[in-house]
Amino acid sequence: MAEQPKQQQPKRRRSRRLNLNKKKQWESILKGIDKDEVPIELLDYISVNLKDGTSVNIYVKELLDEGTEASVLEHEIQERLDALDDIIKDVDFYISVPAVSKTVQTVTDDILKNL
């Protein structure tokens with residue numbers, strides 16, 4: 001009796017974890033994006049630059065790490081910025097690259113888990 005050839009099973013693609021932890025790559029990506037709104041949880045700090053040349057930093061990440069609720073902190077910061085609007089030259093928002101990387105990696109893993 002002749003042997004029947006074995007059927008080859010289709011090769012399974014191994015899932016690969018995207019390497020999203022390269023800080024310089026993330027900084028480059030984030031610099032190229034227009035950021036009209038950023039979730040407060042992704043901020044490192046805010047630098048408020050006043051018309052007299054003074055800068056005041058609000059360390060958002062530290063405040064959140066200490067247990068301040070995000071919605072409360074966001075409301076308080078907005079109230080203070082509104083109250084000081086006459087003397088504010090501009091406001092710079094500094095994004096936490098590790099927080100963005102972690103958030104995107106989690107979402108990416110969730111999307112790719114069934115592939």
# chains A, B, ... in the order shown; residues from 1 in each chain; ligands from 1

call {"tool": "residues_around", "arguments": {"residues": "Arg80 of chain A", "least_positions_apart": "6", "cutoff": "12 Å", "atoms": "only C-alpha atoms", "output": "MDAnalysis selection string"}}
result
chainID A and resid 48 56 58 73:74 86:88

call {"tool": "write_last_selection", "arguments": {"atoms": "C-alpha atoms", "output": "mmCIF file, in the first residue's frame"}}
result
data_model
loop_
_atom_site.group_PDB
_atom_site.id
_atom_site.type_symbol
_atom_site.label_atom_id
_atom_site.label_comp_id
_atom_site.auth_asym_id
_atom_site.auth_seq_id
_atom_site.Cartn_x
_atom_site.Cartn_y
_atom_site.Cartn_z
ATOM 1 C CA VAL A 48 2.701 78.841 32.019
ATOM 2 C CA VAL A 56 5.398 78.792 36.318
ATOM 3 C CA ILE A 58 2.550 72.813 37.048
ATOM 4 C CA LEU A 73 -6.972 68.660 38.620
ATOM 5 C CA GLU A 74 -8.049 69.489 35.076
ATOM 6 C CA ASP A 86 -4.738 88.759 31.244
ATOM 7 C CA ILE A 87 -1.137 88.157 32.334
ATOM 8 C CA ILE A 88 -0.435 84.892 30.455
#

call {"tool": "select_by_dssp", "arguments": {"residues": "segment 21-109 of chain A", "states": "helix (DSSP H, G or I)", "output": "PyMOL selection string"}}
result
chain A and resi 23-31+40-42+60-65+70-83+85-87+97-109

call {"tool": "write_last_selection", "arguments": {"atoms": "C-alpha atoms", "output": "short mmCIF file (atom, residue, chain, number, x, y, z; two decimals), in the first residue's frame"}}
result
data_model
loop_
_atom_site.label_atom_id
_atom_site.label_comp_id
_atom_site.auth_asym_id
_atom_site.auth_seq_id
_atom_site.Cartn_x
_atom_site.Cartn_y
_atom_site.Cartn_z
CA LYS A 23 11.92 57.29 23.54
CA LYS A 24 13.52 59.18 20.62
CA GLN A 25 11.12 57.59 18.12
CA TRP A 26 8.16 58.58 20.25
CA GLU A 27 9.44 62.11 20.71
CA SER A 28 9.79 62.42 16.94
CA ILE A 29 6.28 61.05 16.35
CA LEU A 30 4.73 63.33 18.97
CA LYS A 31 6.46 66.44 17.62
CA ILE A 40 -4.46 65.22 31.39
CA GLU A 41 -3.26 61.72 32.29
CA LEU A 42 -0.69 61.94 29.45
CA VAL A 60 0.73 67.36 36.45
CA LYS A 61 2.22 63.86 36.61
CA GLU A 62 3.44 64.39 40.18
CA LEU A 63 0.05 65.68 41.28
CA LEU A 64 -1.69 62.69 39.70
CA ASP A 65 0.86 60.31 41.26
CA ALA A 70 -7.60 63.79 37.04
CA SER A 71 -10.95 65.52 36.50
CA VAL A 72 -10.51 67.67 39.62
CA LEU A 73 -6.97 68.66 38.62
CA GLU A 74 -8.05 69.49 35.08
CA HIS A 75 -10.88 71.69 36.39
CA GLU A 76 -8.60 73.51 38.87
CA ILE A 77 -5.91 74.17 36.25
CA GLN A 78 -8.48 75.48 33.77
CA GLU A 79 -9.96 77.81 36.41
CA ARG A 80 -6.53 79.22 37.28
CA LEU A 81 -5.59 79.71 33.63
CA ASP A 82 -8.88 81.49 32.98
CA ALA A 83 -8.39 83.73 36.04
CA ASP A 85 -5.60 85.02 31.28
CA ASP A 86 -4.74 88.76 31.24
CA ILE A 87 -1.14 88.16 32.33
CA VAL A 97 6.49 60.01 26.45
CA PRO A 98 6.41 56.90 28.69
CA ALA A 99 2.70 57.44 29.41
CA VAL A 100 1.87 57.75 25.70
CA SER A 101 4.00 54.72 24.87
CA LYS A 102 2.33 52.62 27.56
CA THR A 103 -1.16 53.69 26.46
CA VAL A 104 -0.51 52.99 22.79
CA GLN A 105 1.18 49.65 23.53
CA THR A 106 -1.83 48.52 25.57
CA VAL A 107 -4.26 49.46 22.80
CA THR A 108 -2.03 47.88 20.15
CA ASP A 109 -1.74 44.64 22.12
#
